[in-house]
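Coordinates from query02.csv are shown below (CSV, C-alpha atoms).
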```csv
chain,number,residue,atom,x,y,z
A,153,MET,CA,96.4,92.5,124.6
A,154,THR,CA,97.7,95.9,125.5
A,155,SER,CA,97.1,98.5,122.8
A,156,SER,CA,97.7,102.2,122.3
A,157,ARG,CA,96.2,104.6,119.9
A,158,ARG,CA,98.4,107.0,117.9
A,159,ARG,CA,99.8,109.7,120.2
A,160,PRO,CA,102.8,112.0,119.9
A,161,TYR,CA,106.1,110.7,121.0
A,162,THR,CA,106.1,112.7,124.1
A,163,GLU,CA,103.1,110.8,125.3
A,164,GLN,CA,104.6,107.3,124.5
A,165,ARG,CA,106.0,105.1,127.3
A,166,PRO,CA,107.8,101.8,127.3
A,167,GLN,CA,105.3,98.9,127.9
A,168,ASP,CA,105.3,95.4,129.2
A,169,LEU,CA,103.1,93.6,126.7
A,170,GLY,CA,103.1,90.3,128.6
A,171,GLY,CA,104.5,87.0,127.6
A,172,GLY,CA,108.1,88.1,127.7
A,173,VAL,CA,107.6,90.9,125.1
A,174,TRP,CA,108.2,94.6,125.7
A,175,SER,CA,108.0,97.7,123.5
A,176,VAL,CA,110.1,100.9,123.6
A,177,PRO,CA,109.2,104.0,121.6
A,178,VAL,CA,112.3,105.5,120.0
A,179,PRO,CA,112.0,109.0,118.4
A,180,ILE,CA,112.7,109.8,114.8
A,181,PRO,CA,113.9,113.4,114.8
A,182,GLY,CA,112.2,115.6,112.3
A,183,ASN,CA,110.0,112.8,110.9
A,184,PRO,CA,106.1,112.9,111.0
A,185,LEU,CA,106.0,109.3,112.0
A,186,GLY,CA,107.4,110.4,115.3
A,187,TYR,CA,108.9,107.2,116.6
A,188,THR,CA,109.7,103.6,115.9
A,189,LEU,CA,108.4,100.9,118.3
A,190,VAL,CA,111.4,98.7,119.2
A,191,TYR,CA,110.4,95.4,120.7
A,192,ALA,CA,112.4,93.2,123.1
A,193,VAL,CA,111.7,89.5,123.3
A,194,GLU,CA,112.8,87.6,126.3
A,195,SER,CA,115.0,84.5,126.2
A,196,PRO,CA,117.0,82.6,128.9
A,197,ARG,CA,120.2,83.8,127.2
A,198,GLY,CA,119.3,87.5,126.9
A,199,PRO,CA,116.6,89.5,125.0
A,200,VAL,CA,116.6,89.9,121.3
A,201,LEU,CA,115.5,93.3,119.9
A,202,VAL,CA,113.2,93.6,116.9
A,203,ASP,CA,114.5,96.7,115.1
A,204,ALA,CA,116.6,99.3,116.9
A,205,GLY,CA,115.6,102.8,115.8
A,206,TRP,CA,117.1,105.9,114.2
A,207,ASN,CA,120.8,106.6,114.7
A,208,HIS,CA,120.7,109.8,116.7
A,209,PRO,CA,121.9,110.6,120.3
A,210,ASP,CA,118.3,111.3,121.4
A,211,ALA,CA,117.1,108.0,120.0
A,212,TRP,CA,120.0,106.1,121.6
A,213,GLU,CA,119.2,107.6,125.0
A,214,ALA,CA,115.5,106.7,124.6
A,215,LEU,CA,116.3,103.2,123.6
A,216,ARG,CA,118.8,102.6,126.4
A,217,GLY,CA,116.7,104.4,129.0
A,218,GLY,CA,113.5,102.7,127.9
A,219,LEU,CA,115.0,99.3,128.1
A,220,GLY,CA,116.4,100.1,131.5
A,221,SER,CA,113.0,101.2,132.8
A,222,LEU,CA,111.8,97.7,131.9
A,223,GLY,CA,114.7,96.0,133.7
A,224,ILE,CA,116.7,95.3,130.5
A,225,ASP,CA,120.4,96.4,130.3
A,226,VAL,CA,121.3,97.1,126.6
A,227,ALA,CA,124.7,95.5,127.4
A,228,GLY,CA,122.9,92.2,127.9
A,229,VAL,CA,121.0,92.2,124.5
A,230,ARG,CA,121.7,88.9,122.7
A,231,GLY,CA,121.0,90.3,119.2
A,232,VAL,CA,119.0,92.6,117.0
A,233,VAL,CA,116.9,91.2,114.2
A,234,VAL,CA,116.1,94.0,111.7
A,235,THR,CA,112.8,93.9,109.8
A,236,HIS,CA,114.4,95.9,107.0
A,237,PHE,CA,117.4,98.1,106.3
A,238,HIS,CA,115.7,101.6,106.5
A,239,PRO,CA,117.4,104.0,109.0
A,240,ASP,CA,114.5,104.2,111.4
A,241,HIS,CA,114.8,100.4,111.9
A,242,ALA,CA,118.4,99.5,111.5
A,243,GLY,CA,120.1,102.8,112.4
A,244,LEU,CA,121.0,102.0,116.0
A,245,ALA,CA,121.7,98.3,115.5
A,246,GLY,CA,125.4,98.9,115.1
A,247,GLN,CA,125.6,100.8,118.4
A,248,VAL,CA,123.7,98.0,120.2
A,249,ARG,CA,126.2,95.5,118.8
A,250,GLU,CA,129.1,97.6,120.0
A,251,VAL,CA,127.8,97.8,123.6
A,252,SER,CA,126.4,94.3,123.9
A,253,GLY,CA,128.7,92.2,121.6
A,254,GLY,CA,125.5,90.8,120.2
A,255,TRP,CA,124.7,90.0,116.6
A,256,ILE,CA,122.7,91.8,113.9
A,257,ALA,CA,120.4,89.7,111.6
A,258,MET,CA,118.7,90.8,108.4
A,259,HIS,CA,117.1,89.1,105.4
A,260,GLU,CA,119.7,88.3,102.8
A,261,ALA,CA,118.2,90.6,100.2
A,262,ASP,CA,118.4,93.7,102.4
A,263,ALA,CA,121.8,92.6,103.6
A,264,ALA,CA,123.0,92.7,100.0
A,265,LEU,CA,121.6,96.2,99.6
A,266,VAL,CA,123.4,97.4,102.7
A,267,ARG,CA,126.7,96.0,101.3
A,268,LEU,CA,126.0,97.9,98.0
A,269,MET,CA,125.2,101.2,99.7
A,270,ARG,CA,128.2,101.0,102.0
A,271,GLY,CA,130.4,100.7,98.9
A,272,PHE,CA,129.1,103.9,97.5
A,273,SER,CA,130.8,107.2,98.2
A,274,ASP,CA,128.5,110.2,99.0
A,275,GLY,CA,129.2,111.6,95.5
A,276,GLU,CA,128.3,108.3,93.8
A,277,GLN,CA,125.1,108.1,95.8
A,278,ARG,CA,124.1,111.6,94.8
A,279,GLY,CA,125.0,111.0,91.2
A,280,PHE,CA,122.8,107.8,91.2
A,281,GLN,CA,119.9,109.7,92.7
A,282,ALA,CA,120.2,112.6,90.2
A,283,ASP,CA,120.3,110.4,87.2
A,284,MET,CA,117.3,108.4,88.4
A,285,LEU,CA,115.3,111.6,88.9
A,286,ARG,CA,116.2,113.0,85.5
A,287,ARG,CA,115.1,109.8,83.8
A,288,ALA,CA,111.8,110.0,85.6
A,289,GLY,CA,111.2,113.5,84.2
A,290,ALA,CA,112.1,115.7,87.1
A,291,GLY,CA,113.4,119.2,86.3
A,292,PRO,CA,117.0,120.4,87.0
A,293,GLY,CA,115.9,122.4,90.1
A,294,GLU,CA,114.0,119.5,91.6
A,295,VAL,CA,116.9,117.2,91.0
A,296,ASN,CA,119.4,119.5,92.7
A,297,VAL,CA,117.3,119.9,95.9
A,298,ALA,CA,116.1,116.3,96.1
A,299,THR,CA,119.7,114.9,96.1
A,300,ALA,CA,120.7,116.5,99.4
A,301,ASP,CA,122.6,114.5,101.9
A,302,ARG,CA,121.0,111.3,103.1
A,303,PRO,CA,121.5,109.2,106.2
A,304,ARG,CA,124.6,106.9,106.1
A,305,PRO,CA,123.8,103.2,105.5
A,306,PRO,CA,123.3,101.0,108.6
A,307,ALA,CA,125.8,98.5,110.0
A,308,GLN,CA,126.4,95.4,108.0
A,309,PRO,CA,124.6,92.5,109.6
A,310,ASP,CA,126.5,89.5,111.0
A,311,ARG,CA,123.8,87.0,110.1
A,312,GLU,CA,121.5,86.7,107.0
A,313,LEU,CA,118.1,85.2,107.2
A,314,ALA,CA,116.0,83.4,104.6
A,315,ASP,CA,112.3,82.9,104.5
A,316,GLY,CA,111.3,80.4,107.2
A,317,ASP,CA,114.5,80.6,109.3
A,318,LEU,CA,114.2,80.7,113.0
A,319,VAL,CA,115.9,83.6,114.8
A,320,ASP,CA,118.6,82.7,117.3
A,321,LEU,CA,116.2,83.1,120.3
A,322,PRO,CA,116.7,80.2,122.8
A,323,GLY,CA,113.5,78.8,124.3
A,324,ARG,CA,111.2,80.7,121.9
A,325,LYS,CA,110.1,80.2,118.2
A,326,LEU,CA,110.6,83.4,116.3
A,327,ARG,CA,110.3,82.7,112.5
A,328,ALA,CA,111.2,85.0,109.6
A,329,VAL,CA,108.4,85.5,107.1
A,330,HIS,CA,109.7,87.1,103.9
A,331,THR,CA,107.3,89.9,103.0
A,332,PRO,CA,109.0,91.9,100.1
A,333,GLY,CA,107.6,95.1,98.8
A,334,HIS,CA,108.5,97.9,101.2
A,335,THR,CA,112.0,96.7,100.7
A,336,PRO,CA,113.2,93.6,98.8
A,337,GLY,CA,114.2,91.9,102.0
A,338,HIS,CA,111.5,93.0,104.4
A,339,ILE,CA,110.6,90.4,106.9
A,340,CYS,CA,107.8,90.0,109.4
A,341,LEU,CA,108.6,87.9,112.5
A,342,HIS,CA,106.1,85.3,113.7
A,343,LEU,CA,106.4,84.6,117.4
A,344,GLU,CA,104.9,81.1,117.1
A,345,ASP,CA,104.7,80.4,120.8
A,346,ALA,CA,102.5,83.4,121.4
A,347,ASP,CA,100.5,83.9,118.1
A,348,ARG,CA,102.0,87.3,117.6
A,349,LEU,CA,103.4,88.9,114.4
A,350,PHE,CA,106.0,91.6,114.4
A,351,THR,CA,105.0,93.4,111.2
A,352,GLY,CA,107.7,96.0,110.8
A,353,ASP,CA,106.4,98.4,108.1
A,354,HIS,CA,104.6,95.7,106.1
A,355,ILE,CA,101.3,96.2,107.9
A,356,LEU,CA,100.5,99.3,109.9
A,357,PRO,CA,97.1,99.9,111.5
A,358,ASP,CA,96.2,103.3,109.9
A,359,ILE,CA,98.6,104.2,107.2
A,360,THR,CA,100.0,102.2,104.3
A,361,PRO,CA,103.7,101.7,103.9
A,362,HIS,CA,105.7,103.2,101.0
A,363,VAL,CA,106.2,100.8,98.1
A,364,GLY,CA,108.5,102.3,95.5
A,365,ILE,CA,110.8,101.1,92.8
A,366,TYR,CA,114.5,102.3,92.5
A,367,PRO,CA,115.7,103.2,90.0
A,368,PHE,CA,112.3,104.4,88.9
A,369,ASP,CA,112.4,103.0,85.4
A,370,ARG,CA,113.5,99.4,86.2
A,371,ASP,CA,111.5,96.8,84.3
A,372,ASP,CA,113.0,93.7,85.8
A,373,VAL,CA,111.2,93.9,89.2
A,374,ASP,CA,107.7,94.4,90.5
A,375,PRO,CA,107.8,95.5,94.1
A,376,LEU,CA,104.1,96.3,94.3
A,377,GLY,CA,103.2,92.9,92.9
A,378,ASP,CA,105.5,91.4,95.5
A,379,PHE,CA,103.9,93.5,98.2
A,380,LEU,CA,100.4,92.3,97.3
A,381,SER,CA,101.5,88.7,97.3
A,382,SER,CA,103.1,89.3,100.7
A,383,LEU,CA,99.9,90.7,102.0
A,384,ASP,CA,98.1,87.5,101.0
A,385,ARG,CA,100.8,85.4,102.7
A,386,VAL,CA,100.2,87.3,106.0
A,387,GLY,CA,96.5,86.6,105.7
A,388,GLU,CA,97.2,82.9,105.4
A,389,LEU,CA,98.9,83.0,108.9
A,390,GLY,CA,95.5,83.6,110.5
A,391,PRO,CA,94.2,86.4,112.8
A,392,LEU,CA,97.5,87.0,114.6
A,393,ASP,CA,98.0,90.0,117.0
A,394,ALA,CA,100.0,92.5,115.1
A,395,LEU,CA,103.0,94.4,116.6
A,396,PRO,CA,104.0,97.0,114.0
A,397,ALA,CA,107.0,99.3,114.0
A,398,HIS,CA,104.9,102.5,114.0
A,399,GLU,CA,101.5,103.7,115.3
A,400,TRP,CA,100.0,101.1,117.6
A,401,ILE,CA,99.5,97.4,118.2
A,402,PHE,CA,96.3,95.8,116.9
A,403,PRO,CA,94.5,92.5,116.5
A,404,ASP,CA,94.0,90.5,113.3
A,405,ALA,CA,97.0,91.2,111.0
A,406,GLY,CA,95.2,89.3,108.2
A,407,ALA,CA,92.2,91.5,108.1
A,408,ARG,CA,94.4,94.6,107.9
A,409,ALA,CA,96.4,93.0,105.1
A,410,ALA,CA,93.2,92.4,103.1
A,411,ALA,CA,92.2,96.1,103.6
A,412,ILE,CA,95.6,97.3,102.4
A,413,ARG,CA,95.4,95.1,99.3
A,414,ARG,CA,92.0,96.6,98.4
A,415,HIS,CA,93.5,100.1,98.8
A,416,HIS,CA,96.2,99.3,96.3
A,417,GLU,CA,93.9,97.6,93.8
A,418,ASP,CA,91.7,100.7,93.8
A,419,LYS,CA,94.7,102.9,93.3
A,420,LEU,CA,95.8,100.7,90.3
A,421,ASP,CA,92.4,101.0,88.8
A,422,ARG,CA,92.3,104.7,89.1
A,423,LEU,CA,95.8,105.1,87.6
A,424,ALA,CA,94.9,102.9,84.7
A,425,ALA,CA,91.8,105.1,84.0
A,426,LEU,CA,94.0,108.2,84.3
A,427,LEU,CA,96.4,107.0,81.6
A,428,SER,CA,93.5,105.9,79.3
A,429,GLU,CA,92.2,109.4,79.3
A,430,ARG,CA,95.5,110.9,78.1
A,431,ALA,CA,96.2,111.4,74.5
A,432,GLN,CA,100.0,111.3,75.0
A,433,PRO,CA,102.2,109.1,77.1
A,434,LEU,CA,103.2,110.5,80.5
A,435,THR,CA,106.6,110.5,82.4
A,436,ILE,CA,106.8,109.0,85.9
A,437,TRP,CA,107.1,112.5,87.3
A,438,GLU,CA,104.0,113.7,85.4
A,439,VAL,CA,102.0,110.7,86.7
A,440,ALA,CA,103.2,111.3,90.3
A,441,ALA,CA,102.1,114.9,90.1
A,442,MET,CA,98.6,113.8,89.0
A,443,MET,CA,98.1,111.2,91.7
A,444,THR,CA,96.5,111.7,95.1
A,445,TRP,CA,98.8,112.0,98.1
A,446,ASN,CA,98.3,113.1,101.7
A,447,ARG,CA,98.9,116.7,100.6
A,448,PRO,CA,98.8,118.5,97.2
A,449,TRP,CA,101.8,117.9,94.9
A,450,ALA,CA,102.7,121.6,95.0
A,451,ASP,CA,103.1,121.3,98.8
A,452,LEU,CA,105.3,118.3,98.8
A,453,ALA,CA,109.0,118.9,99.7
A,454,PRO,CA,111.5,117.7,97.1
A,455,ALA,CA,112.4,114.6,99.0
A,456,LEU,CA,108.8,113.7,99.4
A,457,ARG,CA,108.2,114.2,95.7
A,458,GLY,CA,111.0,111.7,95.1
A,459,MET,CA,109.3,109.2,97.3
A,460,ALA,CA,106.0,109.9,95.5
A,461,ALA,CA,107.6,109.3,92.2
A,462,GLY,CA,109.0,106.0,93.4
A,463,GLU,CA,105.6,104.9,94.5
A,464,ALA,CA,104.0,106.1,91.2
A,465,ALA,CA,106.7,104.1,89.4
A,466,ALA,CA,105.9,100.9,91.4
A,467,HIS,CA,102.2,101.3,90.5
A,468,LEU,CA,103.0,101.8,86.8
A,469,ARG,CA,105.3,98.8,86.8
A,470,ALA,CA,102.6,96.7,88.4
A,471,LEU,CA,100.1,97.8,85.7
A,472,GLU,CA,102.7,97.0,83.0
A,473,ALA,CA,103.3,93.5,84.5
A,474,GLN,CA,99.5,93.0,84.4
A,475,GLY,CA,99.5,93.9,80.7
A,476,ARG,CA,97.3,97.0,81.2
A,477,ILE,CA,99.8,99.7,80.2
A,478,ARG,CA,103.1,99.8,78.3
A,479,ARG,CA,106.2,101.9,78.5
A,480,VAL,CA,107.5,104.1,75.6
A,481,SER,CA,111.3,104.7,75.7
A,482,GLY,CA,112.5,108.1,74.8
A,483,LEU,CA,115.8,110.0,74.7
A,484,ASP,CA,115.0,112.1,77.8
A,485,ALA,CA,112.7,110.0,80.0
A,486,VAL,CA,110.6,106.8,79.9
A,487,ARG,CA,106.9,107.3,79.5
A,488,PHE,CA,103.8,105.2,79.9
A,489,GLU,CA,100.5,104.8,78.0
A,490,ALA,CA,97.4,102.7,78.3
A,491,ILE,CA,96.9,99.7,76.1
A,492,GLU,CA,93.6,99.9,74.2
A,493,SER,CA,91.3,96.9,74.9
```
Represent the structure of the file as structure tokens.
Amino acid sequence: MTSSRRRPYTEQRPQDLGGGVWSVPVPIPGNPLGYTLVYAVESPRGPVLVDAGWNHPDAWEALRGGLGSLGIDVAGVRGVVVTHFHPDHAGLAGQVREVSGGWIAMHEADAALVRLMRGFSDGEQRGFQADMLRRAGAGPGEVNVATADRPRPPAQPDRELADGDLVDLPGRKLRAVHTPGHTPGHICLHLEDADRLFTGDHILPDITPHVGIYPFDRDDVDPLGDFLSSLDRVGELGPLDALPAHEWIFPDAGARAAAIRRHHEDKLDRLAALLSERAQPLTIWEVAAMMTWNRPWADLAPALRGMAAGEAAAHLRALEAQGRIRRVSGLDAVRFEAIES
């Protein structure tokens, strides 16, 4: 199987991966991930794209030109199946639909979130974000900076997928595998006629995807618990070749899923130990500031601090669901403390 190690976007090229599957790197302006790998899967009635890339003129030119270099006219695309609603995956789906007349498909849970987001005004969205950050323990200055303008929601999908559904791809068998965690409606796509798995952001070869909880203080969901279960499910599919949305393609998705599970289990153990050493309950923001990230907390931009807090909240909620810690409600912010054994 063709593979490519992580290189800057400028060194990436569209590739024929064999078996009627192609990849096109689409840039993400200003993002350290660099690019999204958009895949095209051949069918007798036109190719179907897996994801579409960020909604930006440079990204659109890269997608259209990259497909063209592989002999694919974007106007002939049958549809776009989106692994999840994030803008680096769903952003250009609407433009592809406008040009091709094709459909957009997404898991029903993420489709519901897109409907919700498209119903919010910019002011309502910023108010929601600000209130969430305050309840997590962020200071006023951090709240003001972290609620800057965000990308507009993606296009509403025409079709909604459930776990196990086959994508409308004549002559092929492309099945949706619901893998919640990174988003509630994240799906991997199993190309059953070729033993390949399009993994979206669920499984990446080198980094681990962001798993957060929004609002931070929700107690009715457990996205990290869902994510860990989803990793187990991928492992049960066998040693499939993985075609992720970032970095590079790699063999044995199940082995990588097991390694990511071990990473999060270790992170949960360290967080539980951290709370057990504290005499007072901690806010989500305080916990996030004490955890280990890819750079020191003081060096994280406000938006990245918000993402870190979301991930800290997901780990705290998973520990709470496991009965290892408990939350303490307060007037200003929710806090968490260890449960003595």
Next on the checklist: Need to verify the contact set: Arg478 in chain A, 8 Å, only C-alpha atoms, exclusion of same-chain residues closer than 2 positions in sequence. Can you return it as a ChimeraX atom specification?
Outcome noted: /A:472,475-476,480,488-491
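For the atom pair formed by CA of Tyr161 in chain A and CA of Ala242 in chain A, the distance is 19.2 Å, given to one decimal.
Take CA of Gly253 in chain A and CA of Ala211 in chain A: the distance between them is 19.7 Å.
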Checklist entry - Can you list, as a PyMOL selection string, every protein, DNA or RNA residue that comes within 12 Å of Pro332 in chain A when you count only C-alpha atoms, leaving out same-chain residues fewer than 5 positions away? => result chain A and resi 235-236+259-262+314-315+337-340+351-355+361-365+373-386
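Pairwise distance (CA of Leu456 in chain A, CA of Thr335 in chain A) equals 17.3 Å.
The smallest atom-to-atom distance between Leu189 in chain A and any of A:Leu395, A:Ala346, A:Ala264, A:Ala455, using all atoms listed in the file, is found for A:Leu395.
Nearest to Ala307 in chain A of all the residues A:Ala282, A:Ala465, A:Ala204, A:Ala441 is A:Ala204, based on only C-alpha atoms.
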Item to check | Closest of A:Ala257, A:Pro403, A:Ile180, A:Pro367 to Glu312 in chain A - atom-to-atom distances counting all atoms listed in the file | outcome: A:Ala257
Next on the checklist: Excluding Val173 in chain A and its own-chain neighbours fewer than 2 positions away, which residues fall within 6 Å of it when counting only C-alpha atoms? Please give them as an MDAnalysis selection string.
Outcome noted: chainID A and resid 169:171 192:193
Checklist entry - Given the choices A:His342, A:Arg447, A:Arg324, A:Arg286, which gets closest to Val200 in chain A if the distance is worked out from all atoms listed in the file? => result A:Arg324
Next on the checklist: List as a PyMOL selection string the protein and nucleic acid residues near Glu492 in chain A, meaning an atom at most 12 Å away when only C-alpha atoms are counted, but skip any in the same chain fewer than 6 places from it.
Outcome noted: chain A and resi 424-425+427-431+475-478
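Each of A:Gly231, A:Gly289, A:Gly186, A:Pro166 was compared to Trp437 in chain A using only C-alpha atoms, and A:Gly289 turns out to be the nearest.
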Checklist entry - So which residues touch Glu213 in chain A within 12 Å, counting only C-alpha atoms, skipping near sequence neighbours fewer than 4 positions away, as a ChimeraX atom specification? => result /A:176-179,204-209,217-221,226,244,247-248
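Counting only C-alpha atoms, the residue from A:Glu438, A:Asp283, A:Asp393, A:Asp369 that sits nearest to Glu344 in chain A is A:Asp393.
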Item to check | Expected answer as a VMD selection string: all residues with atoms within 12 Å of (106.4, 115.9, 82.2), all atoms listed in the file | outcome: chain A and resid 285 to 291 432 to 442 484 to 488
Would you mind putting all heavy atoms back on range 330-339 of chain A and writing the result as a short mmCIF file (atom, residue, chain, number, x, y, z; two decimals), keeping the file's coordinate frame?
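Output below, filename selection.cif:
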```
data_model
loop_
_atom_site.label_atom_id
_atom_site.label_comp_id
_atom_site.auth_asym_id
_atom_site.auth_seq_id
_atom_site.Cartn_x
_atom_site.Cartn_y
_atom_site.Cartn_z
N HIS A 330 109.31 86.14 104.93
CA HIS A 330 109.70 87.10 103.90
C HIS A 330 108.53 87.79 103.32
O HIS A 330 107.65 87.15 102.74
CB HIS A 330 110.55 86.37 102.84
CG HIS A 330 111.19 87.29 101.84
ND1 HIS A 330 111.49 86.91 100.55
CD2 HIS A 330 111.59 88.59 101.94
CE1 HIS A 330 112.04 87.91 99.91
NE2 HIS A 330 112.11 88.95 100.74
N THR A 331 108.48 89.11 103.46
CA THR A 331 107.30 89.90 103.00
C THR A 331 107.88 91.07 102.13
O THR A 331 107.80 92.23 102.54
CB THR A 331 106.50 90.43 104.14
OG1 THR A 331 107.37 91.04 105.12
CG2 THR A 331 105.72 89.31 104.79
N PRO A 332 108.43 90.80 100.95
CA PRO A 332 109.00 91.90 100.10
C PRO A 332 107.97 92.85 99.64
O PRO A 332 106.79 92.52 99.52
CB PRO A 332 109.66 91.11 98.97
CG PRO A 332 108.86 89.84 98.87
CD PRO A 332 108.50 89.49 100.29
N GLY A 333 108.43 94.04 99.33
CA GLY A 333 107.60 95.10 98.80
C GLY A 333 108.04 96.44 99.31
O GLY A 333 108.54 97.26 98.54
N HIS A 334 107.94 96.68 100.61
CA HIS A 334 108.50 97.90 101.20
C HIS A 334 109.96 98.00 100.96
O HIS A 334 110.50 99.07 100.66
CB HIS A 334 108.09 97.97 102.67
CG HIS A 334 108.48 99.23 103.37
ND1 HIS A 334 108.06 100.48 102.97
CD2 HIS A 334 109.27 99.44 104.46
CE1 HIS A 334 108.56 101.40 103.78
NE2 HIS A 334 109.31 100.80 104.68
N THR A 335 110.65 96.90 101.14
CA THR A 335 112.00 96.70 100.70
C THR A 335 112.11 95.27 100.14
O THR A 335 111.26 94.43 100.47
CB THR A 335 113.07 96.86 101.81
OG1 THR A 335 112.95 95.75 102.73
CG2 THR A 335 112.92 98.18 102.54
N PRO A 336 113.12 94.96 99.34
CA PRO A 336 113.20 93.60 98.80
C PRO A 336 113.39 92.53 99.87
O PRO A 336 112.96 91.38 99.68
CB PRO A 336 114.45 93.67 97.90
CG PRO A 336 114.57 95.11 97.53
CD PRO A 336 114.11 95.87 98.73
N GLY A 337 114.01 92.90 101.00
CA GLY A 337 114.20 91.90 102.00
C GLY A 337 113.45 92.14 103.30
O GLY A 337 113.85 91.67 104.38
N HIS A 338 112.33 92.83 103.21
CA HIS A 338 111.50 93.00 104.40
C HIS A 338 111.05 91.70 104.95
O HIS A 338 110.67 90.80 104.21
CB HIS A 338 110.30 93.92 104.08
CG HIS A 338 109.56 94.37 105.29
ND1 HIS A 338 108.79 93.53 106.07
CD2 HIS A 338 109.45 95.60 105.88
CE1 HIS A 338 108.26 94.20 107.07
NE2 HIS A 338 108.65 95.46 106.98
N ILE A 339 111.10 91.57 106.29
CA ILE A 339 110.60 90.40 106.90
C ILE A 339 109.59 90.79 108.04
O ILE A 339 109.78 91.80 108.72
CB ILE A 339 111.64 89.47 107.52
CG1 ILE A 339 112.58 90.24 108.45
CG2 ILE A 339 112.40 88.75 106.43
CD1 ILE A 339 113.59 89.36 109.19
#
```
